[in-house]
Amino acid sequence: MNISDLAELLSLHHSTVSKAISSLESEGFVLKEKKGNHVFVRRSDSLHAQSLVDILNEFPMLPLSKLLTPSSLHVISVLEPPRSITEVSEITGLDRSTVSAAISRLAKYGIVIKANSKFLLSSRQTLFENFVDNYFKYKTNMNLRAVSQNGMLIWQRGPEFLFKAENLNTDFGSDLKNKIHPTAISIFPNYGFDVITDMKYYFFRKKSPCEEEFFIHTILIDPYSPIYNSYALALVPRLGSKNLLKYAIYYDIEAHVRNLLEYIDKKEKRSDFVLPWNEYQELLESLV
């Protein structure tokens with residue numbers, strides 16, 4: 001349908017519809033095509049666009065403009081496993097009051113439920129889960145292509161993602177540039193370690209990663225690799241942090257990190273994702 005016909009159908013001003021269409025196009029929900037003097041619009045075939053249609057068809061009376069805000073979508077993306085408001089706030093970087101308000105709105109319509117003092121997405125609301133998952137995958141792919149031609153995704157949750165790239169593009173805006181932070185082995189020189197690699201590692205998020213996350217991100221490069229696990233463990237004495245398990249829980253790798261810390265304590269290889277202790281010591285010496 002062209003924009004003029006759409007404006008007439010909705011009884012809205014042409015400029016109002018045009019502005020809404022531009023916003024939807026930037027988010028991947030619609031596609032525009034110019035034919036002669038008219039601009040025609042059609043719904044995108046993307047998964048998140050179809051997921052939104054499913055929600056609109058199933059819940060036509062829900063106030064989606066209030067429920068599907070950026071903060072609400074971010075909150076929904078981290079509610080697996082169940083989280084407290086404090087945990088959601090620390091994971092997302094959103095103010096506690098913002099998280100609380102978003103959860104209250106979502107709980108009012110049964111999208112989020114409370115169990116054992118924590119909040120989770122209702123099992124009856126898979127449409128919302130699918131939409132949030134598909135939407136953030138789309139946004140991640142768009143942002144990754146914008147910042148690097150050869151970027152490779154390593155880990156993603158909600159709007160945040162870990163990626164590696166040989167080089168970053170030079171023509172993306174400051175809004176994206178402010179969200180790109182070196183992490184994992186790319187920050188090892190700051191701790192006196194030297195790792196030879198052609199790849200650089202970055203975390204995409206508004207808030208800069210903390211030291212504990214440098215440790216976690218190094219593991220996430222390849223949790224089954226004895227080398228990357230050893231690199232991560234090399235940071236432990238330099239960090240002196242007692243919050244490693246806390247952040248391991250936030251990234252859903254608590255059991256893995258516990259095993260790594262036990263390996264450091266016992267100095268004994270008990271799994272395939274760590275080196276024999278003498279080889280680990282040799283690796284540490286080679287890093288310094």
# chains A, B, ... in the order shown; residues from 1 in each chain; ligands from 1

call {"tool": "residues_around", "arguments": {"residues": "Leu260 of chain A", "least_positions_apart": "2", "cutoff": "8 Å", "atoms": "only C-alpha atoms", "output": "short mmCIF file (atom, residue, chain, number, x, y, z; two decimals) with all heavy atoms, in the first residue's frame"}}
result
data_model
loop_
_atom_site.label_atom_id
_atom_site.label_comp_id
_atom_site.auth_asym_id
_atom_site.auth_seq_id
_atom_site.Cartn_x
_atom_site.Cartn_y
_atom_site.Cartn_z
N ASN A 229 40.37 -20.84 28.68
CA ASN A 229 40.10 -20.95 30.11
C ASN A 229 41.35 -20.60 30.92
O ASN A 229 41.27 -19.97 31.97
CB ASN A 229 39.62 -22.36 30.45
CG ASN A 229 38.19 -22.61 30.06
OD1 ASN A 229 37.33 -21.76 30.24
ND2 ASN A 229 37.92 -23.77 29.47
N LEU A 233 41.91 -17.58 33.63
CA LEU A 233 42.42 -17.84 34.97
C LEU A 233 43.68 -17.02 35.27
O LEU A 233 43.95 -16.69 36.43
CB LEU A 233 42.71 -19.33 35.15
CG LEU A 233 41.47 -20.22 35.25
CD1 LEU A 233 41.87 -21.68 35.23
CD2 LEU A 233 40.67 -19.90 36.51
N HIS A 256 30.61 -23.72 35.49
CA HIS A 256 31.87 -23.72 34.76
C HIS A 256 32.94 -22.94 35.52
O HIS A 256 34.08 -23.41 35.67
CB HIS A 256 31.65 -23.10 33.37
CG HIS A 256 32.83 -23.19 32.47
ND1 HIS A 256 33.11 -24.29 31.70
CD2 HIS A 256 33.83 -22.30 32.23
CE1 HIS A 256 34.23 -24.08 31.02
NE2 HIS A 256 34.69 -22.88 31.31
N VAL A 257 32.59 -21.76 36.00
CA VAL A 257 33.56 -20.93 36.72
C VAL A 257 33.94 -21.57 38.04
O VAL A 257 35.11 -21.52 38.46
CB VAL A 257 33.00 -19.50 36.93
CG1 VAL A 257 33.89 -18.69 37.87
CG2 VAL A 257 32.87 -18.79 35.59
N ARG A 258 32.99 -22.20 38.72
CA ARG A 258 33.33 -22.90 39.97
C ARG A 258 34.38 -23.99 39.71
O ARG A 258 35.32 -24.17 40.49
CB ARG A 258 32.07 -23.53 40.58
CG ARG A 258 31.15 -22.54 41.27
CD ARG A 258 30.05 -23.26 42.04
NE ARG A 258 29.14 -22.31 42.65
CZ ARG A 258 29.35 -21.71 43.82
NH1 ARG A 258 30.47 -22.00 44.51
NH2 ARG A 258 28.47 -20.88 44.33
N GLU A 262 38.14 -24.06 41.26
CA GLU A 262 38.56 -25.25 42.00
C GLU A 262 39.87 -25.80 41.43
O GLU A 262 40.74 -26.26 42.18
CB GLU A 262 37.47 -26.32 41.93
CG GLU A 262 37.81 -27.58 42.73
CD GLU A 262 36.72 -28.63 42.66
OE1 GLU A 262 35.65 -28.34 42.07
OE2 GLU A 262 36.95 -29.75 43.15
N TYR A 263 40.00 -25.73 40.12
CA TYR A 263 41.24 -26.15 39.46
C TYR A 263 42.43 -25.33 39.96
O TYR A 263 43.50 -25.87 40.25
CB TYR A 263 41.06 -25.99 37.95
CG TYR A 263 42.32 -26.05 37.12
CD1 TYR A 263 42.99 -27.25 36.90
CD2 TYR A 263 42.81 -24.89 36.51
CE1 TYR A 263 44.14 -27.30 36.11
CE2 TYR A 263 43.95 -24.93 35.71
CZ TYR A 263 44.61 -26.13 35.52
OH TYR A 263 45.73 -26.17 34.74
N ILE A 264 42.24 -24.02 40.11
CA ILE A 264 43.30 -23.15 40.64
C ILE A 264 43.62 -23.51 42.08
O ILE A 264 44.78 -23.52 42.51
CB ILE A 264 42.87 -21.68 40.54
CG1 ILE A 264 42.84 -21.23 39.08
CG2 ILE A 264 43.80 -20.78 41.33
CD1 ILE A 264 44.20 -21.15 38.44
N VAL A 274 40.60 -27.83 30.83
CA VAL A 274 41.76 -27.17 31.46
C VAL A 274 43.03 -27.93 31.07
O VAL A 274 42.97 -29.09 30.67
CB VAL A 274 41.65 -27.13 33.01
CG1 VAL A 274 40.49 -26.23 33.44
CG2 VAL A 274 41.50 -28.53 33.58
#

call {"tool": "closest_atom_pairs", "arguments": {"of": "segment 8-122 of chain A", "to": "segment 150-162 of chain A", "cutoff": "10 Å", "atoms": "only C-alpha atoms", "output": "tab-separated table"}}
result
residue	atom	partner	partner_atom	distance
A:Pro70	CA	A:Pro159	CA	9.5
A:Leu73	CA	A:Gly158	CA	7.8
A:His74	CA	A:Gly158	CA	5.8
A:Val75	CA	A:Gly158	CA	8.5
A:Ile76	CA	A:Gly158	CA	8.4
A:Ser77	CA	A:Gly158	CA	5.1
A:Val78	CA	A:Gly158	CA	7.1
A:Thr92	CA	A:Glu160	CA	8.8

call {"tool": "write_last_selection", "arguments": {"atoms": "C-alpha atoms", "output": "CSV table (one decimal), in the first residue's frame"}}
result
chain,number,residue,atom,x,y,z
A,70,PRO,CA,13.2,-0.6,25.0
A,73,LEU,CA,12.3,-5.6,26.1
A,74,HIS,CA,15.7,-5.5,27.8
A,75,VAL,CA,14.2,-6.7,31.0
A,76,ILE,CA,12.4,-9.6,29.3
A,77,SER,CA,15.6,-10.7,27.6
A,78,VAL,CA,17.4,-11.5,30.9
A,92,THR,CA,21.0,-4.6,32.2

call {"tool": "closest_residue", "arguments": {"among": "A:Met142, A:Ala232, A:Ile180, A:Met1", "to": "Leu284 of chain A", "atoms": "only C-alpha atoms"}}
result
A:Ala232

call {"tool": "select_by_dssp", "arguments": {"residues": "segment 29-244 of chain A", "states": "strand (DSSP E)", "output": "PyMOL selection string"}}
result
chain A and resi 30-35+38-43+112-115+118-121+152-157+160-165+180-182+200-204

call {"tool": "write_last_selection", "arguments": {"atoms": "N, CA and C atoms", "output": "compact mmCIF listing (two decimals), in the first residue's frame"}}
result
# COMPACT_ATOMS: atom_id res chain seq x y z
N VAL A 30 9.13 -3.00 8.42
CA VAL A 30 8.54 -2.78 7.11
C VAL A 30 9.63 -2.50 6.09
N LEU A 31 9.26 -2.63 4.81
CA LEU A 31 10.15 -2.31 3.70
C LEU A 31 9.46 -1.28 2.82
N LYS A 32 10.23 -0.33 2.31
CA LYS A 32 9.68 0.71 1.43
C LYS A 32 10.25 0.54 0.02
N GLU A 33 9.41 0.86 -0.97
CA GLU A 33 9.83 0.80 -2.36
C GLU A 33 9.16 1.93 -3.12
N LYS A 34 9.98 2.71 -3.85
CA LYS A 34 9.44 3.84 -4.59
C LYS A 34 9.07 3.41 -6.00
N LYS A 35 7.83 3.72 -6.39
CA LYS A 35 7.34 3.44 -7.74
C LYS A 35 6.70 4.72 -8.28
N HIS A 38 5.04 7.58 -6.01
CA HIS A 38 4.50 7.01 -4.77
C HIS A 38 5.53 6.11 -4.10
N VAL A 39 5.46 6.08 -2.78
CA VAL A 39 6.27 5.17 -1.98
C VAL A 39 5.35 4.10 -1.41
N PHE A 40 5.62 2.86 -1.76
CA PHE A 40 4.81 1.74 -1.30
C PHE A 40 5.49 1.06 -0.11
N VAL A 41 4.68 0.57 0.78
CA VAL A 41 5.17 -0.04 2.01
C VAL A 41 4.58 -1.44 2.14
N ARG A 42 5.42 -2.38 2.56
CA ARG A 42 4.91 -3.71 2.88
C ARG A 42 5.57 -4.21 4.14
N ARG A 43 4.93 -5.13 4.80
CA ARG A 43 5.48 -5.69 6.02
C ARG A 43 6.71 -6.53 5.69
N VAL A 112 4.85 -11.34 32.77
CA VAL A 112 5.86 -11.71 33.75
C VAL A 112 5.16 -12.15 35.03
N ILE A 113 5.66 -13.20 35.66
CA ILE A 113 5.08 -13.67 36.91
C ILE A 113 6.17 -13.72 37.97
N LYS A 114 5.77 -13.82 39.23
CA LYS A 114 6.70 -13.85 40.35
C LYS A 114 6.68 -15.23 40.99
N ALA A 115 7.87 -15.75 41.28
CA ALA A 115 7.98 -17.05 41.95
C ALA A 115 9.22 -17.04 42.83
N LYS A 118 11.45 -13.98 42.89
CA LYS A 118 12.10 -13.62 41.64
C LYS A 118 11.08 -13.59 40.51
N PHE A 119 11.46 -12.96 39.41
CA PHE A 119 10.53 -12.78 38.30
C PHE A 119 11.00 -13.56 37.08
N LEU A 120 10.02 -14.08 36.34
CA LEU A 120 10.31 -14.82 35.13
C LEU A 120 9.20 -14.61 34.12
N LEU A 121 9.49 -14.91 32.88
CA LEU A 121 8.49 -14.78 31.83
C LEU A 121 7.50 -15.93 31.94
N MET A 152 32.64 -11.16 13.91
CA MET A 152 32.01 -12.46 14.15
C MET A 152 31.41 -12.48 15.55
N LEU A 153 30.14 -12.83 15.62
CA LEU A 153 29.42 -12.87 16.89
C LEU A 153 29.88 -14.05 17.72
N ILE A 154 30.13 -13.81 19.02
CA ILE A 154 30.54 -14.86 19.94
C ILE A 154 29.43 -15.18 20.93
N TRP A 155 28.81 -14.14 21.47
CA TRP A 155 27.78 -14.32 22.50
C TRP A 155 26.82 -13.14 22.43
N GLN A 156 25.55 -13.40 22.69
CA GLN A 156 24.56 -12.32 22.63
C GLN A 156 23.43 -12.58 23.62
N ARG A 157 22.98 -11.52 24.27
CA ARG A 157 21.80 -11.59 25.13
C ARG A 157 21.15 -10.21 25.10
N GLU A 160 22.92 -6.69 24.09
CA GLU A 160 24.36 -6.76 24.34
C GLU A 160 24.96 -7.96 23.59
N PHE A 161 26.19 -7.78 23.11
CA PHE A 161 26.84 -8.91 22.47
C PHE A 161 28.35 -8.77 22.51
N LEU A 162 28.99 -9.94 22.47
CA LEU A 162 30.44 -10.06 22.44
C LEU A 162 30.83 -10.48 21.03
N PHE A 163 31.83 -9.80 20.45
CA PHE A 163 32.23 -10.15 19.10
C PHE A 163 33.73 -9.96 18.91
N LYS A 164 34.24 -10.57 17.85
CA LYS A 164 35.64 -10.40 17.51
C LYS A 164 35.74 -9.88 16.09
N ALA A 165 36.79 -9.12 15.82
CA ALA A 165 36.97 -8.53 14.49
C ALA A 165 38.44 -8.18 14.29
N ILE A 180 30.99 0.41 22.09
CA ILE A 180 31.98 -0.61 21.76
C ILE A 180 33.16 -0.52 22.72
N HIS A 181 33.40 -1.59 23.46
CA HIS A 181 34.44 -1.59 24.50
C HIS A 181 35.38 -2.78 24.31
N PRO A 182 36.69 -2.56 24.26
CA PRO A 182 37.63 -3.69 24.22
C PRO A 182 37.46 -4.56 25.46
N LYS A 200 40.69 -8.86 17.54
CA LYS A 200 40.43 -8.03 18.71
C LYS A 200 39.02 -8.33 19.19
N TYR A 201 38.84 -8.25 20.50
CA TYR A 201 37.56 -8.63 21.09
C TYR A 201 36.88 -7.41 21.70
N TYR A 202 35.57 -7.32 21.46
CA TYR A 202 34.81 -6.15 21.90
C TYR A 202 33.49 -6.59 22.51
N PHE A 203 33.01 -5.76 23.44
CA PHE A 203 31.69 -5.97 24.03
C PHE A 203 30.84 -4.78 23.66
N PHE A 204 29.65 -5.05 23.12
CA PHE A 204 28.75 -4.00 22.67
C PHE A 204 27.69 -3.75 23.74

call {"tool": "select_by_dssp", "arguments": {"residues": "segment 15-184 of chain A", "states": "helix (DSSP H, G or I)", "output": "PyMOL selection string"}}
result
chain A and resi 15-26+47-58+64-67+70-77+85-92+96-108+126-147+174-177+184

call {"tool": "residues_around", "arguments": {"residues": "Asn143 of chain A", "least_positions_apart": "2", "cutoff": "10 Å", "atoms": "only C-alpha atoms", "output": "VMD selection string"}}
result
chain A and resid 137 to 141 145 to 148 159 161 172 176 204

call {"tool": "write_last_selection", "arguments": {"atoms": "N, CA, C and O atoms", "output": "compact mmCIF listing (two decimals), in the first residue's frame"}}
result
# COMPACT_ATOMS: atom_id res chain seq x y z
N LYS A 137 18.03 -10.45 18.05
CA LYS A 137 18.92 -11.09 17.08
C LYS A 137 19.04 -10.21 15.83
O LYS A 137 20.13 -10.05 15.27
N TYR A 138 17.93 -9.65 15.40
CA TYR A 138 17.94 -8.75 14.24
C TYR A 138 18.79 -7.52 14.54
O TYR A 138 19.65 -7.13 13.73
N LYS A 139 18.57 -6.91 15.70
CA LYS A 139 19.32 -5.70 16.06
C LYS A 139 20.81 -5.99 16.18
O LYS A 139 21.65 -5.18 15.76
N THR A 140 21.15 -7.14 16.75
CA THR A 140 22.55 -7.51 16.90
C THR A 140 23.22 -7.65 15.53
O THR A 140 24.31 -7.14 15.30
N ASN A 141 22.55 -8.34 14.60
CA ASN A 141 23.11 -8.51 13.26
C ASN A 141 23.29 -7.17 12.56
O ASN A 141 24.31 -6.93 11.89
N ARG A 145 27.05 -5.64 11.65
CA ARG A 145 27.41 -5.30 10.28
C ARG A 145 27.80 -3.83 10.17
O ARG A 145 28.65 -3.46 9.35
N ALA A 146 27.19 -2.99 11.00
CA ALA A 146 27.49 -1.56 10.94
C ALA A 146 28.88 -1.24 11.47
O ALA A 146 29.55 -0.33 10.96
N VAL A 147 29.34 -1.98 12.48
CA VAL A 147 30.61 -1.64 13.12
C VAL A 147 31.80 -2.39 12.53
O VAL A 147 32.94 -1.95 12.68
N SER A 148 31.56 -3.51 11.85
CA SER A 148 32.69 -4.27 11.31
C SER A 148 32.26 -5.13 10.13
O SER A 148 31.27 -5.86 10.23
N PRO A 159 20.17 -6.71 23.94
CA PRO A 159 20.88 -5.80 23.05
C PRO A 159 22.40 -5.87 23.17
O PRO A 159 23.11 -5.20 22.43
N PHE A 161 26.19 -7.78 23.11
CA PHE A 161 26.84 -8.91 22.47
C PHE A 161 28.35 -8.77 22.51
O PHE A 161 28.90 -7.67 22.58
N PHE A 172 30.83 4.52 11.13
CA PHE A 172 29.58 4.41 11.90
C PHE A 172 29.53 5.53 12.94
O PHE A 172 30.53 6.09 13.33
N LEU A 176 26.88 4.39 18.14
CA LEU A 176 27.38 3.02 18.20
C LEU A 176 28.78 2.98 18.78
O LEU A 176 29.13 2.07 19.53
N PHE A 204 29.65 -5.05 23.12
CA PHE A 204 28.75 -4.00 22.67
C PHE A 204 27.69 -3.75 23.74
O PHE A 204 26.83 -4.59 23.99

call {"tool": "closest_residue", "arguments": {"among": "A:Ser104, A:Ser117, A:Ser230, A:Ser174", "to": "Glu279 of chain A", "atoms": "only C-alpha atoms"}}
result
A:Ser230

call {"tool": "closest_residue", "arguments": {"among": "A:Leu94, A:Leu106, A:Leu52, A:Ile216", "to": "Asn243 of chain A", "atoms": "only C-alpha atoms"}}
result
A:Ile216
